[in-house]
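Content type compact mmCIF, C-alpha atoms, from the file my_file_9.txt:
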```
# COMPACT_ATOMS: atom_id res chain seq x y z
CA ALA B 4 44.59 -75.82 63.75
CA ALA B 5 44.48 -72.50 61.96
CA THR B 6 45.45 -69.38 63.88
CA ILE B 7 44.04 -65.97 62.98
CA ARG B 8 45.84 -62.77 63.79
CA THR B 9 44.69 -59.28 62.86
CA ARG B 10 46.92 -56.38 61.93
CA LYS B 11 46.33 -52.69 61.24
CA PHE B 12 43.01 -52.56 62.97
CA MET B 13 41.05 -49.36 62.30
CA THR B 14 37.53 -48.23 63.20
CA ASN B 15 36.05 -46.48 60.20
CA ARG B 16 33.23 -44.33 61.65
CA LEU B 17 32.35 -42.89 58.27
CA LEU B 18 31.42 -46.27 56.87
CA CYS B 19 30.25 -47.70 60.20
CA ARG B 20 32.67 -50.58 60.23
CA LYS B 21 35.90 -51.94 61.60
CA GLN B 22 38.52 -52.84 59.01
CA MET B 23 41.68 -54.93 59.49
CA ILE B 24 44.23 -57.13 57.80
CA VAL B 25 43.71 -60.78 58.62
CA ASP B 26 46.71 -63.16 58.80
CA VAL B 27 45.86 -66.85 58.82
CA LEU B 28 48.52 -69.36 59.87
CA HIS B 29 47.80 -72.88 58.63
CA PRO B 30 51.03 -74.88 58.44
CA GLY B 31 50.71 -78.06 56.47
CA LYS B 32 47.17 -77.38 55.33
CA ALA B 33 45.52 -75.78 52.33
CA THR B 34 44.13 -72.26 52.46
CA ILE B 35 41.20 -72.02 54.85
CA PRO B 36 37.82 -71.14 53.27
CA LYS B 37 36.40 -67.68 53.91
CA THR B 38 33.41 -68.95 55.86
CA GLU B 39 35.68 -70.47 58.51
CA VAL B 40 37.64 -67.25 58.74
CA ARG B 41 34.38 -65.38 59.28
CA GLU B 42 33.36 -67.69 62.12
CA LYS B 43 36.70 -67.27 63.82
CA LEU B 44 36.56 -63.52 63.46
CA ALA B 45 33.02 -63.46 64.87
CA LYS B 46 34.25 -65.31 67.95
CA MET B 47 37.16 -62.90 68.32
CA TYR B 48 35.09 -59.74 68.00
CA LYS B 49 31.92 -61.11 69.60
CA THR B 50 29.58 -60.46 66.69
CA THR B 51 27.51 -62.58 64.38
CA PRO B 52 29.32 -63.84 61.29
CA ASP B 53 26.77 -62.34 58.89
CA VAL B 54 28.08 -58.76 59.32
CA ILE B 55 31.66 -59.87 58.61
CA PHE B 56 32.96 -59.61 55.06
CA CYS B 57 36.40 -60.89 54.15
CA PHE B 58 38.17 -60.91 50.80
CA GLY B 59 41.52 -60.83 49.04
CA PHE B 60 43.17 -63.86 50.64
CA ARG B 61 46.60 -64.59 49.17
CA THR B 62 48.81 -67.41 50.32
CA LYS B 63 52.52 -66.61 50.64
CA PHE B 64 55.07 -68.53 48.62
CA GLY B 65 55.77 -71.86 50.26
CA GLY B 66 52.39 -72.13 51.96
CA GLY B 67 51.44 -71.95 55.62
CA LYS B 68 50.57 -68.28 55.76
CA THR B 69 47.70 -66.40 54.11
CA SER B 70 46.83 -62.75 54.45
CA GLY B 71 43.63 -60.97 53.46
CA PHE B 72 41.29 -58.20 54.47
CA GLY B 73 38.32 -58.21 56.79
CA LEU B 74 35.49 -55.76 57.45
CA ILE B 75 33.06 -55.93 60.37
CA TYR B 76 29.96 -53.77 60.00
CA ASP B 77 27.90 -52.32 62.82
CA SER B 78 24.72 -53.77 61.39
CA LEU B 79 23.54 -55.64 58.35
CA ASP B 80 21.67 -52.56 57.04
CA PHE B 81 24.91 -50.62 56.92
CA ALA B 82 26.57 -53.55 55.24
CA LYS B 83 23.90 -53.67 52.54
CA LYS B 84 24.31 -49.93 52.03
CA PHE B 85 28.07 -49.76 51.79
CA GLU B 86 29.30 -53.07 50.48
CA PRO B 87 29.75 -53.59 46.74
CA LYS B 88 27.18 -55.82 45.10
CA TYR B 89 29.51 -58.68 44.24
CA ARG B 90 30.49 -59.17 47.88
CA LEU B 91 26.84 -59.15 48.95
CA GLN B 92 26.19 -61.72 46.28
CA ARG B 93 28.85 -63.97 47.78
CA HIS B 94 26.83 -63.96 51.01
CA GLY B 95 23.60 -64.51 49.18
CA LEU B 96 22.00 -61.20 50.16
CA VAL B 97 21.64 -59.91 46.63
CA GLU B 98 20.93 -61.61 43.33
CA ILE B 99 22.58 -60.08 40.27
CA LYS B 100 20.72 -61.12 37.19
CA LYS B 101 23.03 -61.66 34.31
CA THR B 102 22.41 -63.01 30.89
CA GLY B 103 24.98 -65.45 29.69
CA ARG B 104 28.29 -64.23 28.39
CA LYS B 105 27.73 -65.75 24.99
CA GLN B 106 24.30 -64.12 24.78
CA ARG B 107 25.73 -60.72 25.63
CA LYS B 108 28.45 -60.99 23.04
CA GLU B 109 26.05 -62.07 20.33
CA ARG B 110 23.78 -59.17 21.15
CA LYS B 111 26.69 -56.80 20.89
CA ASN B 112 27.59 -58.18 17.49
CA ARG B 113 24.01 -57.81 16.30
CA GLN B 114 24.01 -54.23 17.49
CA LYS B 115 27.12 -53.50 15.47
CA LYS B 116 25.16 -53.93 12.26
CA VAL B 117 22.69 -51.15 13.12
CA ARG B 118 23.17 -47.42 13.65
CA GLY B 119 21.53 -45.11 16.16
CA THR B 120 18.40 -45.68 18.22
CA LYS B 121 17.70 -48.94 16.38
CA LYS B 122 20.43 -50.50 18.50
CA ALA B 123 18.08 -50.69 21.46
CA LYS B 124 15.56 -52.65 19.43
CA VAL B 125 18.08 -55.15 18.21
CA GLY B 126 18.47 -56.99 21.50
CA ALA B 127 14.80 -57.85 21.63
CA GLY B 128 14.99 -59.77 18.37
CA LYS B 129 16.93 -62.78 19.54
CA LYS B 130 16.74 -65.62 17.11
CA MET V 8 41.21 15.84 -55.62
CA SER V 9 38.01 13.80 -55.88
CA THR V 10 34.56 15.08 -55.10
CA GLU V 11 34.40 13.09 -51.85
CA GLU V 12 37.54 14.69 -50.62
CA ILE V 13 36.31 18.12 -51.65
CA THR V 14 33.06 17.66 -49.79
CA GLU V 15 34.92 16.31 -46.76
CA ALA V 16 37.26 19.28 -46.82
CA MET V 17 34.32 21.69 -47.08
CA ASN V 18 32.62 20.03 -44.10
CA LEU V 19 35.81 20.15 -42.07
CA LEU V 20 36.42 23.78 -42.91
CA SER V 21 32.91 24.79 -41.92
CA ALA V 22 33.33 22.80 -38.66
CA VAL V 23 36.61 24.56 -37.99
CA GLU V 24 34.97 27.91 -38.59
CA SER V 25 32.15 27.29 -36.16
CA GLN V 26 34.47 25.86 -33.55
CA THR V 27 36.87 28.76 -33.80
CA GLN V 28 33.97 31.11 -33.22
CA ASP V 29 33.11 29.24 -30.01
CA VAL V 30 36.72 29.13 -28.87
CA THR V 31 37.24 32.86 -29.45
CA LYS V 32 34.12 33.57 -27.48
CA LEU V 33 35.38 31.42 -24.55
CA VAL V 34 38.86 32.94 -24.70
CA ASP V 35 37.47 36.49 -24.68
CA HIS V 36 35.38 35.58 -21.66
CA LEU V 37 38.39 34.13 -19.81
CA LEU V 38 40.56 37.07 -20.77
CA LYS V 39 38.04 39.52 -19.46
CA LYS V 40 37.79 37.58 -16.22
CA ALA V 41 41.60 37.32 -15.87
CA THR V 42 42.16 41.00 -16.48
CA GLU V 43 39.46 41.83 -13.97
CA ASN V 44 41.40 39.71 -11.41
CA GLU V 45 38.43 37.52 -10.66
CA TYR V 46 40.59 34.42 -10.82
CA ASN V 47 43.71 34.67 -8.72
CA THR V 48 46.30 32.41 -10.34
CA SER V 49 49.29 33.34 -8.18
CA LYS V 50 48.91 30.28 -5.92
CA GLY V 51 48.28 27.75 -8.67
CA ILE V 52 50.09 24.47 -9.35
CA SER V 53 53.24 25.27 -11.35
CA PHE V 54 53.10 21.95 -13.17
CA LEU V 55 49.78 22.84 -14.68
CA GLU V 56 51.04 26.27 -15.58
CA LEU V 57 53.93 24.70 -17.47
CA LYS V 58 51.50 22.41 -19.19
CA TYR V 59 49.29 25.11 -20.55
CA GLN V 60 52.24 27.25 -21.58
CA LEU V 61 53.58 24.32 -23.56
CA LEU V 62 50.21 23.71 -25.12
CA LEU V 63 49.94 27.36 -26.15
CA SER V 64 53.33 27.40 -27.83
CA TYR V 65 52.47 24.12 -29.53
CA LEU V 66 49.36 25.66 -30.92
CA MET V 67 51.17 28.72 -32.11
CA ASN V 68 53.74 26.67 -33.97
CA LEU V 69 51.03 24.48 -35.41
CA THR V 70 49.09 27.42 -36.74
CA TYR V 71 52.28 28.81 -38.26
CA ILE V 72 52.91 25.53 -40.04
CA SER V 73 49.36 25.26 -41.29
CA LEU V 74 49.58 28.86 -42.49
CA GLN V 75 52.71 28.04 -44.45
CA LYS V 76 51.06 24.98 -45.93
CA SER V 77 47.90 26.82 -46.95
CA GLN V 78 49.97 29.52 -48.59
CA GLY V 79 51.77 26.85 -50.59
CA SER V 80 55.30 27.43 -49.29
CA SER V 81 57.32 24.39 -48.31
CA ILE V 82 57.78 23.53 -44.68
CA GLN V 83 60.91 21.46 -45.09
CA ASP V 84 63.68 22.26 -42.61
CA ASP V 85 61.50 24.74 -40.89
CA PRO V 86 62.65 25.43 -37.32
CA ALA V 87 58.98 25.49 -36.30
CA ILE V 88 58.80 21.77 -36.90
CA ASP V 89 61.78 21.18 -34.55
CA ARG V 90 60.07 23.24 -31.90
CA LEU V 91 56.89 21.28 -32.41
CA ILE V 92 58.71 17.99 -31.99
CA GLU V 93 60.43 19.24 -28.82
CA ILE V 94 57.20 20.45 -27.25
CA ARG V 95 55.47 17.20 -28.22
CA THR V 96 58.08 15.05 -26.49
CA VAL V 97 57.92 17.16 -23.33
CA LEU V 98 54.14 16.83 -23.28
CA GLU V 99 54.41 13.07 -23.70
CA LYS V 100 56.83 12.89 -20.76
CA MET V 101 54.48 15.00 -18.68
CA ARG V 102 51.57 12.64 -19.18
CA PRO V 103 52.47 9.96 -16.58
CA ILE V 104 53.28 12.67 -14.02
CA ASP V 105 49.94 14.20 -14.74
CA LYS V 106 48.30 10.88 -14.10
CA LYS V 107 50.04 10.58 -10.74
CA LEU V 108 49.01 14.09 -9.73
CA LYS V 109 45.44 13.58 -10.87
CA TYR V 110 44.12 12.76 -7.39
CA GLN V 111 45.75 15.80 -5.76
CA VAL V 112 44.56 18.12 -8.49
CA ASP V 113 41.02 16.82 -8.24
CA LYS V 114 41.04 17.27 -4.49
CA VAL V 115 42.30 20.82 -4.77
CA VAL V 116 39.72 21.61 -7.43
CA ARG V 117 37.00 20.16 -5.23
CA THR V 118 38.10 22.24 -2.24
CA ALA V 119 38.21 25.32 -4.44
CA ALA V 120 34.73 24.61 -5.70
CA SER V 121 33.29 23.85 -2.26
CA GLY V 122 34.94 26.93 -0.79
CA GLY V 123 36.58 25.41 2.28
CA THR V 124 37.97 22.20 3.69
CA ASP V 125 35.97 20.13 6.13
CA SER V 126 38.30 18.86 8.85
CA SER V 127 36.36 15.64 9.26
CA ASP V 128 36.44 14.95 5.54
CA PRO V 129 37.31 11.26 5.23
CA LEU V 130 39.25 11.89 2.05
CA ARG V 131 41.73 14.06 3.93
CA TYR V 132 43.25 11.07 5.72
CA ARG V 133 46.18 9.26 4.24
CA ALA V 134 46.68 5.51 4.31
CA ASN V 135 49.12 4.23 6.94
CA PRO V 136 51.50 1.97 5.08
CA GLU V 137 52.68 0.28 8.30
CA ASN V 138 49.25 -1.20 8.77
CA LEU V 139 49.47 -2.81 5.39
CA ILE V 140 52.56 -4.89 6.20
CA SER V 141 51.51 -8.30 7.54
CA LYS V 142 52.96 -9.12 10.93
CA LEU V 143 53.91 -12.61 9.78
CA ASP V 144 57.36 -13.22 8.35
CA ASP V 145 56.19 -14.29 4.93
CA GLU V 146 59.12 -12.72 3.16
CA SER V 147 61.80 -14.37 5.27
CA GLU V 148 60.14 -17.79 4.80
CA SER V 149 60.19 -17.46 1.07
CA GLU V 150 63.85 -16.52 1.20
CA SER V 151 64.82 -19.56 3.27
CA GLU V 152 62.88 -21.85 0.95
CA GLY V 153 64.95 -20.62 -1.91
CA GLU V 154 68.16 -21.34 -0.02
CA GLU V 155 67.15 -24.90 0.90
CA LYS V 156 66.43 -25.76 -2.66
CA LYS V 157 69.95 -24.82 -3.58
CA SER V 158 71.66 -27.45 -1.39
CA LYS V 159 70.00 -30.88 -1.58
CA ILE V 160 72.14 -32.44 1.15
CA TYR V 161 70.08 -33.39 4.19
CA HIS V 162 71.15 -31.60 7.36
CA PRO V 163 69.45 -32.90 10.51
CA PRO V 164 68.07 -30.26 12.84
CA LYS V 165 70.38 -29.18 15.67
CA LEU V 166 68.23 -29.53 18.76
CA THR V 167 70.63 -30.42 21.59
CA ALA V 168 74.35 -30.65 22.07
CA MET V 169 75.68 -34.04 20.97
CA HIS V 170 78.76 -35.87 22.10
CA TYR V 171 81.66 -35.24 19.74
CA GLU V 172 83.89 -38.18 18.97
CA GLY V 173 85.46 -37.24 15.69
CA ASP V 174 89.02 -36.68 16.87
CA GLU V 175 89.36 -40.07 18.54
CA THR V 176 91.35 -42.62 16.65
CA GLU V 177 90.59 -46.32 16.63
CA MET V 178 93.41 -46.89 19.08
CA ASP V 179 92.02 -44.35 21.52
CA LYS V 180 88.64 -46.00 21.44
CA ASP V 181 90.11 -49.41 22.13
CA GLN V 182 92.14 -47.99 24.96
CA LYS V 183 89.10 -46.40 26.53
CA VAL V 184 87.12 -49.61 26.30
CA LEU V 185 90.00 -51.51 27.89
CA GLU V 186 90.25 -49.04 30.72
CA ARG V 187 86.57 -49.31 31.46
CA ALA V 188 86.74 -53.10 31.40
CA LYS V 189 89.65 -52.98 33.85
CA LYS V 190 87.73 -50.76 36.23
CA ARG V 191 84.76 -53.08 36.06
CA ALA V 192 86.97 -56.11 36.62
CA LEU V 193 88.45 -54.55 39.73
CA SER V 194 85.03 -54.34 41.34
CA THR V 195 84.06 -57.98 40.77
CA SER V 196 83.30 -60.23 43.71
CA MET V 197 86.49 -62.30 43.24
CA LEU V 198 88.84 -59.36 43.48
CA ARG V 199 86.86 -57.84 46.29
CA GLU V 200 87.32 -61.00 48.32
CA LEU V 201 91.04 -61.01 47.52
CA ARG V 202 91.31 -57.47 48.73
CA GLU V 203 89.50 -58.31 51.94
CA GLU V 204 91.86 -61.23 52.47
CA PHE V 205 94.92 -59.02 52.37
CA SER V 206 93.52 -55.91 53.98
CA GLU V 207 94.33 -55.16 57.60
CA GLY V 208 91.05 -53.57 58.62
CA PRO V 209 88.36 -55.43 60.59
CA THR V 210 86.24 -57.85 58.57
CA GLU V 211 82.72 -56.74 57.87
CA ILE V 212 80.07 -59.38 57.53
CA ARG V 213 77.22 -58.07 55.48
CA GLU V 214 74.16 -59.72 54.16
CA THR V 215 74.70 -60.47 50.49
CA THR V 216 72.28 -58.54 48.42
CA SER V 217 72.16 -59.50 44.78
CA THR V 218 70.85 -56.61 42.74
CA GLN V 219 68.09 -58.41 40.91
CA ARG V 220 66.76 -59.95 44.08
CA SER V 221 66.87 -56.64 45.90
CA ARG V 222 65.05 -54.92 43.06
CA ALA V 223 62.35 -57.56 42.98
CA GLU V 224 62.08 -57.52 46.74
CA ARG V 225 61.75 -53.76 46.83
CA LYS V 226 59.05 -53.86 44.21
CA LEU V 227 57.16 -56.55 46.05
CA ARG V 228 57.42 -54.69 49.33
CA GLU V 229 56.05 -51.52 47.74
CA ARG V 230 53.19 -53.43 46.23
CA THR V 231 52.17 -55.16 49.43
CA HIS V 232 52.43 -51.89 51.34
CA TYR V 233 50.08 -50.22 48.88
CA GLU V 234 47.70 -53.14 48.97
CA GLU V 235 47.50 -53.11 52.74
CA GLU V 236 47.05 -49.38 52.89
CA ASN V 237 44.21 -49.30 50.41
CA PHE V 238 42.50 -52.61 51.22
CA MET V 239 42.66 -53.95 47.71
CA ARG V 240 44.51 -56.60 45.73
CA PHE V 241 46.45 -56.04 42.54
CA SER V 242 46.06 -58.33 39.62
CA VAL V 243 49.56 -59.50 38.72
CA SER V 244 50.45 -59.21 35.05
CA LYS V 245 52.07 -62.12 33.24
CA LYS V 246 55.35 -60.27 33.05
CA ASP V 247 55.47 -59.69 36.79
CA LYS V 248 54.40 -63.24 37.51
CA ASN V 249 57.20 -64.63 35.36
CA GLU V 250 59.73 -62.35 36.95
CA MET V 251 58.72 -63.42 40.42
CA LYS V 252 58.94 -67.07 39.39
CA ARG V 253 62.36 -66.51 37.90
CA VAL V 254 63.76 -64.73 40.93
CA ALA V 255 62.45 -67.21 43.44
CA GLY V 256 62.87 -70.27 41.27
CA LEU V 257 65.62 -72.69 40.38
CA SER V 258 67.30 -70.57 37.71
CA SER V 259 68.57 -68.22 40.38
CA LEU V 260 70.77 -71.00 41.78
CA ASN V 261 72.94 -70.75 38.68
CA ASN V 262 74.29 -67.46 39.92
CA LEU V 263 76.42 -69.33 42.44
CA THR V 264 78.81 -70.60 39.80
CA HIS V 265 78.77 -67.54 37.59
CA PHE V 266 81.93 -65.45 37.87
CA ASP V 267 82.56 -62.18 36.09
CA ASP V 268 85.02 -61.91 33.25
CA ILE V 269 88.35 -60.42 34.40
CA SER V 270 90.23 -60.90 31.15
CA ALA V 271 90.86 -57.15 31.10
CA LEU V 272 93.35 -57.54 33.94
CA THR V 273 94.74 -60.99 33.24
CA GLU V 274 95.15 -60.84 29.50
CA GLY V 275 94.88 -57.16 28.79
CA ARG V 276 92.05 -57.36 26.32
CA ALA V 277 88.49 -56.18 26.56
CA PRO V 278 85.93 -58.94 27.10
CA GLN V 279 83.86 -60.08 24.13
CA ALA V 280 80.36 -58.70 23.83
CA GLY V 281 78.82 -62.14 23.37
CA GLY V 282 79.78 -63.17 26.86
CA SER V 283 78.72 -61.55 30.08
CA SER V 284 77.18 -58.12 29.63
CA LYS V 285 75.34 -56.27 32.37
CA LYS V 286 72.36 -55.63 30.19
CA ARG V 287 71.43 -59.29 30.08
CA LYS V 288 68.08 -59.88 31.71
CA HIS V 289 68.67 -63.53 32.58
CA GLY V 290 70.55 -64.04 35.81
CA GLY V 291 72.57 -67.02 34.74
CA LYS V 292 74.13 -68.28 31.58
CA GLY V 293 71.76 -71.23 31.32
CA LYS V 294 68.69 -71.28 29.14
CA LYS V 295 65.67 -73.26 30.22
CA GLY V 296 64.69 -76.03 27.87
CA LYS V 297 61.21 -77.38 27.45
CA LYS V 298 61.14 -79.63 30.47
CA GLY V 299 62.98 -77.23 32.69
CA PHE V 300 66.41 -78.70 32.12
CA LYS V 301 69.25 -76.24 31.70
CA LYS V 302 71.54 -76.56 28.75
CA LYS V 303 75.09 -76.80 30.04
CA ARG V 304 77.71 -74.78 28.25
CA ILE V 305 80.75 -76.80 27.35
CA HIS V 306 83.88 -74.67 27.43
```

Show how you would write the structure in this file as structure tokens.
Amino acid sequence: AATIRTRKFMTNRLLCRKQMIVDVLHPGKATIPKTEVREKLAKMYKTTPDVIFCFGFRTKFGGGKTSGFGLIYDSLDFAKKFEPKYRLQRHGLVEIKKTGRKQRKERKNRQKKVRGTKKAKVGAGKK
Amino acid sequence: MSTEEITEAMNLLSAVESQTQDVTKLVDHLLKKATENEYNTSKGISFLELKYQLLLSYLMNLTYISLQKSQGSSIQDDPAIDRLIEIRTVLEKMRPIDKKLKYQVDKVVRTAASGGTDSSDPLRYRANPENLISKLDDESESESEGEEKKSKIYHPPKLTAMHYEGDETEMDKDQKVLERAKKRALSTSMLRELREEFSEGPTEIRETTSTQRSRAERKLRERTHYEEENFMRFSVSKKDKNEMKRVAGLSSLNNLTHFDDISALTEGRAPQAGGSSKKRKHGGKGKKGKKGFKKKRIH
């Protein structure tokens, strides 16, 4: 039921991709998930959905219309080179290892008690 | 006279004798040299000449007095004593001048002794007093400090021209306020519609643009334009979120029944400040309660 229209299409040769604004029309329904948008875009531009990255979807007041951004890379290698890590993580191509937020904050507070190069040693001594 | 004094006098007299012998020898030597014109004193310093003349006359008078005393005759009311006193005072007055001239005299003596003046002699150069004055205005600062301390009233600094309203009476001020209120009342929506009703020109139908809405709309349009240009999304701050909610929400419906105050034209008095003022941020008169109900004002 959802219709996808693209606006402001531009071929960015420097970053080996095509970038556009994606308008999704979905009257009476909730916002469509990004994976579905990717599939639809792949069909429109005759590529595989794994080189398509979309983000920034905002639904207009009242519902029914959502607009966001979409990028279609020439190949997955270029995508891995140029895309920011968090977007690659959303597709599962990259794993960002992160210690827990609480752990990071506690480490920071432990570091505050020490001055100079000893700060680097503090993190190791987790109690 | 005691024996100590006698012995002291004898010693002094013998000292005087030996010293006079030396002095006479020196004077004879100088005299011979002067008469032989070995020392040319024509171009000397006149001050020093005066000094030694005075000293000579002083000595002469002194010897005369001591002669009188040794002979036993009294020296009371002797004119020689007056002369001595006069010469003594002049010599005393000459002493500070001598001190001031000391440097010059020494320099001249040195040049005379060395035979000539070296042009690159560092002592020839005089100090330049203009180099000694500091370029900063220290003196003027100290003067102004003294003046400030005199008057302790605080005077604010005059940086820009300020609006002067001293000559306006209370009545004038009220009149001005009333006039402004009248002008504002004339441009309200009610009177504008009345004017359109009675005017003979063609009716213009324009889209109603309320100022707050238009401002918010313009801002939103700018933001979306920027976002689409740069392929990014802004994070909306709480303030902006609340403003958007307010503009698009139910409180904006209250504006339909809100009419401006035209008491300036009907009653001839300026509207109260507590009522409608343009600086109010809220669109309507209602205030939102906890559950979103509006408190109705009972007139």

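Closest approach to chain B among V:Leu193, V:Ser270, V:Arg240, V:Asn249: V:Arg240, based on all atoms listed in the file.
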
**Study point:** Counting only C-alpha atoms, chain B residues within 8 Å of chain V, as a ChimeraX atom specification
**Key:** /B:24,59,72

Review point. What's the 12 Å shell around B:Leu44, counting all atoms listed in the file, without same-chain residues fewer than 3 positions away, as number ranges by chain?
Key: B: 6-9, 21-27, 37-41, 47-57, 72-75

Point to revise | Å distance separating atom CA of V:Ile52 from atom CA of V:Val112, one decimal place | key: 8.5 Å

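The gap separating atom CA of V:Lys32 from atom CA of V:Leu57 is 23.9 Å, in Å to one decimal.
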
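Relative to atom CA of V:Asn262, atom CA of V:Glu224 is found at 17.2 Å.
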
Check your understanding: V:Ser217: which residues within 12 Å, counting all atoms listed in the file, same-chain residues fewer than 6 positions away excluded, as an NGL selection string?
Key -> :V and (196 or 223-224 or 254 or 259-260 or 262-263 or 290)

Exercise for review: Considering only C-alpha atoms, state which residue in the set V:Pro163, V:Met251, V:Met197, V:Thr273 is at the smallest distance from V:Arg222.
Suggested key: V:Met251

Check your understanding: Hey, what's within 10 Å of B:Phe81 if we count all atoms listed in the file and toss same-chain stuff fewer than 5 positions away? As JSON, numbers by chain, please?
Key -> {"B": [18, 19, 20, 54, 76, 86]}

Compile the contact shell of B:Lys122 as a CSV table (one decimal) with C-alpha atoms, in the coordinates of the input: residues with an atom at most 10 Å away, counting all atoms listed in the file, same-chain residues fewer than 6 positions apart removed.
```
chain,number,residue,atom,x,y,z
B,110,ARG,CA,23.8,-59.2,21.2
B,111,LYS,CA,26.7,-56.8,20.9
B,113,ARG,CA,24.0,-57.8,16.3
B,114,GLN,CA,24.0,-54.2,17.5
B,115,LYS,CA,27.1,-53.5,15.5
B,116,LYS,CA,25.2,-53.9,12.3
```

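The shortest atom-to-atom distance to B:Pro30, with only C-alpha atoms taken into account, belongs to B:Gly65 out of B:Gly103, B:Pro87, B:Gly65, B:Gly71.
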
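The nearest approach to B:Glu109 among the residues B:Thr14, B:Val125, B:Ala33, B:Leu96, with all atoms listed in the file taken into account, belongs to B:Val125.
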
N, CA and C atoms are what I want for stretch 23-40 of chain B; can you complete it accordingly and write them as a CSV table (one decimal), in the frame of the given file?
```csv
chain,number,residue,atom,x,y,z
B,23,MET,N,40.4,-54.4,59.0
B,23,MET,CA,41.7,-54.9,59.5
B,23,MET,C,42.3,-55.8,58.4
B,24,ILE,N,43.6,-56.1,58.6
B,24,ILE,CA,44.2,-57.1,57.8
B,24,ILE,C,44.3,-58.4,58.6
B,25,VAL,N,43.8,-59.5,57.9
B,25,VAL,CA,43.7,-60.8,58.6
B,25,VAL,C,44.8,-61.7,58.2
B,26,ASP,N,45.6,-62.2,59.1
B,26,ASP,CA,46.7,-63.2,58.8
B,26,ASP,C,46.3,-64.5,59.3
B,27,VAL,N,46.3,-65.5,58.4
B,27,VAL,CA,45.9,-66.8,58.8
B,27,VAL,C,47.1,-67.7,58.8
B,28,LEU,N,47.4,-68.4,59.9
B,28,LEU,CA,48.5,-69.4,59.9
B,28,LEU,C,48.0,-70.8,59.8
B,29,HIS,N,48.3,-71.5,58.8
B,29,HIS,CA,47.8,-72.9,58.6
B,29,HIS,C,48.9,-73.8,58.1
B,30,PRO,N,49.9,-74.1,59.0
B,30,PRO,CA,51.0,-74.9,58.4
B,30,PRO,C,50.6,-76.3,58.1
B,31,GLY,N,51.0,-76.7,56.9
B,31,GLY,CA,50.7,-78.1,56.5
B,31,GLY,C,49.3,-78.3,55.9
B,32,LYS,N,48.5,-77.2,55.8
B,32,LYS,CA,47.2,-77.4,55.3
B,32,LYS,C,47.0,-76.4,54.1
B,33,ALA,N,45.9,-76.7,53.4
B,33,ALA,CA,45.5,-75.8,52.3
B,33,ALA,C,44.9,-74.5,52.9
B,34,THR,N,44.7,-73.5,52.0
B,34,THR,CA,44.1,-72.3,52.5
B,34,THR,C,42.7,-72.5,53.0
B,35,ILE,N,42.5,-71.8,54.1
B,35,ILE,CA,41.2,-72.0,54.8
B,35,ILE,C,40.1,-71.3,54.1
B,36,PRO,N,38.9,-71.8,54.0
B,36,PRO,CA,37.8,-71.1,53.3
B,36,PRO,C,37.3,-69.9,54.1
B,37,LYS,N,36.8,-69.0,53.3
B,37,LYS,CA,36.4,-67.7,53.9
B,37,LYS,C,35.4,-67.8,55.0
B,38,THR,N,34.5,-68.8,54.9
B,38,THR,CA,33.4,-69.0,55.9
B,38,THR,C,34.0,-69.3,57.2
B,39,GLU,N,35.0,-70.1,57.2
B,39,GLU,CA,35.7,-70.5,58.5
B,39,GLU,C,36.4,-69.3,59.1
B,40,VAL,N,37.0,-68.5,58.3
B,40,VAL,CA,37.6,-67.2,58.7
B,40,VAL,C,36.6,-66.3,59.4
```
